[in-house]
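Peer 1: Structure provided below as structure tokens; questions to follow.
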Amino acid sequence: RVVLCLALGTLMGEIIGVEKGFERFGEWLREKTGNGGNAGFVNAFVTASLTVSIGAMAIVGAIQDGLKGDASTLMVKSVLDCVIIAVMTSALGTGAIFSAIPVFLFEGGMTLLAKWLAPLITEAAVAHLSLIGAILIFCIGLNLTGGKKIRVANMLPAVFLAMGAAYLPWNF
């Protein structure tokens, strides 16, 4: 199921152009914030946004908040995010600071979606979401350490497909 979710989700993301959307938003932010001469701004923004948006804590924390009104995981995550973004800002540049915007939108959206879909969300669905999130974080790590770039943002639709895969009656 995981491989199928990743494959189909990545295909959907490539067709939609999720990564290009992140880059366009990063370019817009760079110009609007007076960082037009900062060549690394967009890379820092995209890398930091993905790093702090799609981890297991972001997904599980948002679901806990939506289902039970328990924001404790998101609160702990926000402290960790501050440390991570401080380090990423010093290493990659000021674009990392603006990752707060997509984090707010993604986690807020996931919380509202969880609240809306509460009757349908099972332990298996949360486990699938968490596993896909962990794989995407691994891919971000590969981007940070390796020379080849994986377009992780284009893999984001897999997170949503993973939830549906939890309801399939067969394993493959």
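Labeling convention for the structure tokens: chains A, B, ... as they appear, residues from 1 per chain, ligands from 1 in order of appearance.
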Can you pull out every residue within 9 Å of A:Leu112, counting only C-alpha atoms, but drop anything in the same chain fewer than 4 positions away, and send it as number ranges by chain?
Peer 2: A: 62-63, 65-66, 107-108, 116-117
Peer 1: Would you export the selected residues with N, CA and C atoms as a PDB file, in the first residue's frame, please?
Peer 2:
ATOM      1  N   ALA A  62      -1.584  17.166  14.341  1.00  0.00           N
ATOM      2  CA  ALA A  62      -2.750  17.843  13.778  1.00  0.00           C
ATOM      3  C   ALA A  62      -3.996  16.975  13.892  1.00  0.00           C
ATOM      4  N   ILE A  63      -3.820  15.670  13.696  1.00  0.00           N
ATOM      5  CA  ILE A  63      -4.971  14.764  13.812  1.00  0.00           C
ATOM      6  C   ILE A  63      -5.448  14.687  15.260  1.00  0.00           C
ATOM      7  N   ASP A  65      -5.165  16.991  17.477  1.00  0.00           N
ATOM      8  CA  ASP A  65      -5.814  18.256  17.763  1.00  0.00           C
ATOM      9  C   ASP A  65      -7.219  18.283  17.166  1.00  0.00           C
ATOM     10  N   GLY A  66      -7.352  17.808  15.933  1.00  0.00           N
ATOM     11  CA  GLY A  66      -8.663  17.801  15.285  1.00  0.00           C
ATOM     12  C   GLY A  66      -9.640  16.824  15.899  1.00  0.00           C
ATOM     13  N   GLU A 107      -0.629  22.316   8.768  1.00  0.00           N
ATOM     14  CA  GLU A 107      -1.082  21.765  10.046  1.00  0.00           C
ATOM     15  C   GLU A 107      -2.493  22.231  10.385  1.00  0.00           C
ATOM     16  N   GLY A 108      -2.791  23.484  10.087  1.00  0.00           N
ATOM     17  CA  GLY A 108      -4.149  23.974  10.310  1.00  0.00           C
ATOM     18  C   GLY A 108      -5.151  23.257   9.426  1.00  0.00           C
ATOM     19  N   TRP A 116     -13.280  17.369  10.605  1.00  0.00           N
ATOM     20  CA  TRP A 116     -14.371  17.111   9.673  1.00  0.00           C
ATOM     21  C   TRP A 116     -14.538  15.615   9.399  1.00  0.00           C
ATOM     22  N   LEU A 117     -13.398  14.893   9.280  1.00  0.00           N
ATOM     23  CA  LEU A 117     -13.431  13.466   8.957  1.00  0.00           C
ATOM     24  C   LEU A 117     -13.330  12.562  10.186  1.00  0.00           C
TER      25      LEU A 117
END
Peer 1: Tell me, as an NGL selection string, which residues lie within 12 Å of A:His128, counting only C-alpha atoms; anything in the same chain fewer than 2 positions away does not count.
Peer 2: :A and (1-6 or 56 or 59-60 or 121-126 or 130-135 or 158-168)
Peer 1: Do a neighbour search on A:Arg151 at 9 Å with only C-alpha atoms, toss out local chain neighbours closer than 5 positions, and write the hits as a JSON list (two decimals) with all heavy atoms, in the first residue's frame.
Peer 2:
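What landed in selection-v7.json:
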[["chain", "number", "residue", "atom", "x", "y", "z"],
["A", 10, "THR", "N", 3.09, 10.71, -5.96],
["A", 10, "THR", "CA", 4.15, 11.44, -6.65],
["A", 10, "THR", "C", 3.73, 11.78, -8.08],
["A", 10, "THR", "O", 3.99, 12.89, -8.56],
["A", 10, "THR", "CB", 5.46, 10.61, -6.65],
["A", 10, "THR", "OG1", 5.82, 10.34, -5.30],
["A", 10, "THR", "CG2", 6.58, 11.35, -7.35],
["A", 14, "GLU", "N", 3.51, 15.48, -9.49],
["A", 14, "GLU", "CA", 4.23, 15.90, -10.69],
["A", 14, "GLU", "C", 3.28, 16.56, -11.69],
["A", 14, "GLU", "O", 3.61, 17.58, -12.28],
["A", 14, "GLU", "CB", 4.93, 14.70, -11.35],
["A", 14, "GLU", "CG", 6.12, 14.17, -10.60],
["A", 14, "GLU", "CD", 7.35, 15.05, -10.71],
["A", 14, "GLU", "OE1", 7.50, 15.80, -11.70],
["A", 14, "GLU", "OE2", 8.20, 14.97, -9.79],
["A", 19, "GLU", "N", 5.78, 21.09, -6.32],
["A", 19, "GLU", "CA", 7.10, 21.67, -6.05],
["A", 19, "GLU", "C", 7.25, 23.02, -6.74],
["A", 19, "GLU", "O", 7.76, 23.97, -6.16],
["A", 19, "GLU", "CB", 8.20, 20.71, -6.52],
["A", 19, "GLU", "CG", 9.59, 21.21, -6.22],
["A", 19, "GLU", "CD", 10.28, 20.45, -5.12],
["A", 19, "GLU", "OE1", 9.72, 19.51, -4.56],
["A", 19, "GLU", "OE2", 11.42, 20.82, -4.82],
["A", 139, "CYS", "N", 13.46, 11.36, 2.61],
["A", 139, "CYS", "CA", 13.81, 11.91, 1.30],
["A", 139, "CYS", "C", 14.38, 13.33, 1.42],
["A", 139, "CYS", "O", 15.31, 13.69, 0.69],
["A", 139, "CYS", "CB", 12.60, 11.90, 0.38],
["A", 139, "CYS", "SG", 12.07, 10.24, -0.10],
["A", 140, "ILE", "N", 13.83, 14.11, 2.33],
["A", 140, "ILE", "CA", 14.38, 15.46, 2.57],
["A", 140, "ILE", "C", 15.81, 15.35, 3.07],
["A", 140, "ILE", "O", 16.69, 16.08, 2.65],
["A", 140, "ILE", "CB", 13.50, 16.25, 3.56],
["A", 140, "ILE", "CG1", 12.15, 16.56, 2.93],
["A", 140, "ILE", "CG2", 14.19, 17.53, 4.01],
["A", 140, "ILE", "CD1", 11.11, 17.06, 3.92],
["A", 143, "ASN", "N", 18.08, 14.77, 0.29],
["A", 143, "ASN", "CA", 18.33, 16.01, -0.43],
["A", 143, "ASN", "C", 19.38, 16.87, 0.27],
["A", 143, "ASN", "O", 20.20, 17.52, -0.38],
["A", 143, "ASN", "CB", 17.05, 16.82, -0.60],
["A", 143, "ASN", "CG", 16.18, 16.32, -1.72],
["A", 143, "ASN", "OD1", 16.59, 15.50, -2.52],
["A", 143, "ASN", "ND2", 14.95, 16.79, -1.77]]
Peer 1: At a cut-off of 10 Å, using only C-alpha atoms, what residues contact A:Ser49? Leave out same-chain residues fewer than 4 positions from it and give the result as a PyMOL selection string.
Peer 2: chain A and resi 22+43-45+53-54+85+95-103+106+153
Peer 1: Once you have the residues from the selection above, write them out as a PDB file, in the first residue's frame, restricted to N, CA and C atoms.
Peer 2:
ATOM      1  N   PHE A  22       5.485  25.587  -4.686  1.00  0.00           N
ATOM      2  CA  PHE A  22       6.301  26.010  -3.548  1.00  0.00           C
ATOM      3  C   PHE A  22       7.374  26.993  -4.009  1.00  0.00           C
ATOM      4  N   ASN A  43      15.483  28.013  -2.105  1.00  0.00           N
ATOM      5  CA  ASN A  43      15.903  26.685  -1.659  1.00  0.00           C
ATOM      6  C   ASN A  43      15.742  26.552  -0.147  1.00  0.00           C
ATOM      7  N   ALA A  44      16.147  27.575   0.599  1.00  0.00           N
ATOM      8  CA  ALA A  44      16.006  27.543   2.060  1.00  0.00           C
ATOM      9  C   ALA A  44      14.534  27.467   2.455  1.00  0.00           C
ATOM     10  N   PHE A  45      13.690  28.247   1.781  1.00  0.00           N
ATOM     11  CA  PHE A  45      12.259  28.252   2.070  1.00  0.00           C
ATOM     12  C   PHE A  45      11.640  26.885   1.808  1.00  0.00           C
ATOM     13  N   SER A  53       7.003  20.640   7.880  1.00  0.00           N
ATOM     14  CA  SER A  53       5.574  20.451   7.596  1.00  0.00           C
ATOM     15  C   SER A  53       5.130  19.005   7.551  1.00  0.00           C
ATOM     16  N   ILE A  54       5.983  18.099   7.083  1.00  0.00           N
ATOM     17  CA  ILE A  54       5.467  16.779   6.738  1.00  0.00           C
ATOM     18  C   ILE A  54       5.956  15.647   7.618  1.00  0.00           C
ATOM     19  N   ILE A  85      14.450  25.449  12.681  1.00  0.00           N
ATOM     20  CA  ILE A  85      14.462  26.586  11.757  1.00  0.00           C
ATOM     21  C   ILE A  85      15.613  27.534  12.081  1.00  0.00           C
ATOM     22  N   GLY A  95      15.448  32.460   3.992  1.00  0.00           N
ATOM     23  CA  GLY A  95      14.240  31.867   3.428  1.00  0.00           C
ATOM     24  C   GLY A  95      13.617  30.846   4.358  1.00  0.00           C
ATOM     25  N   ALA A  96      14.432  30.208   5.193  1.00  0.00           N
ATOM     26  CA  ALA A  96      13.929  29.177   6.110  1.00  0.00           C
ATOM     27  C   ALA A  96      12.924  29.742   7.108  1.00  0.00           C
ATOM     28  N   ILE A  97      13.092  30.987   7.488  1.00  0.00           N
ATOM     29  CA  ILE A  97      12.201  31.605   8.474  1.00  0.00           C
ATOM     30  C   ILE A  97      10.753  31.606   7.985  1.00  0.00           C
ATOM     31  N   PHE A  98      10.570  31.780   6.683  1.00  0.00           N
ATOM     32  CA  PHE A  98       9.228  31.901   6.127  1.00  0.00           C
ATOM     33  C   PHE A  98       8.507  30.563   5.988  1.00  0.00           C
ATOM     34  N   SER A  99       9.140  29.497   6.433  1.00  0.00           N
ATOM     35  CA  SER A  99       8.481  28.183   6.424  1.00  0.00           C
ATOM     36  C   SER A  99       7.289  28.170   7.373  1.00  0.00           C
ATOM     37  N   ALA A 100       7.197  29.144   8.249  1.00  0.00           N
ATOM     38  CA  ALA A 100       6.061  29.223   9.172  1.00  0.00           C
ATOM     39  C   ALA A 100       4.731  29.324   8.419  1.00  0.00           C
ATOM     40  N   ILE A 101       4.755  29.914   7.240  1.00  0.00           N
ATOM     41  CA  ILE A 101       3.511  30.097   6.479  1.00  0.00           C
ATOM     42  C   ILE A 101       2.947  28.750   6.014  1.00  0.00           C
ATOM     43  N   PRO A 102       3.717  27.940   5.269  1.00  0.00           N
ATOM     44  CA  PRO A 102       3.145  26.650   4.872  1.00  0.00           C
ATOM     45  C   PRO A 102       2.901  25.701   6.050  1.00  0.00           C
ATOM     46  N   VAL A 103       3.701  25.816   7.112  1.00  0.00           N
ATOM     47  CA  VAL A 103       3.466  24.973   8.290  1.00  0.00           C
ATOM     48  C   VAL A 103       2.100  25.294   8.877  1.00  0.00           C
ATOM     49  N   PHE A 106      -0.572  23.947   6.402  1.00  0.00           N
ATOM     50  CA  PHE A 106      -0.642  22.487   6.344  1.00  0.00           C
ATOM     51  C   PHE A 106      -1.203  21.918   7.641  1.00  0.00           C
ATOM     52  N   ALA A 153       8.251  17.767  -2.487  1.00  0.00           N
ATOM     53  CA  ALA A 153       6.945  18.443  -2.457  1.00  0.00           C
ATOM     54  C   ALA A 153       5.964  17.756  -3.399  1.00  0.00           C
TER      55      ALA A 153
END
Peer 1: For atom CA of A:Ala7 and atom CA of A:Arg24, quote the distance in Å rounded to one decimal.
Peer 2: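 Taking atom CA of A:Ala7 as the start and atom CA of A:Arg24 as the end point, the length is 24.2 Å.
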Peer 1: Quick one: pick out all alpha helix (DSSP H) residues within stretch 16-157 of chain A from a backbone DSSP run and write them as an NGL selection string.
Peer 2: :A and (16 or 18-32 or 41-53 or 56-68 or 72-92 or 100-116 or 123-145 or 157)
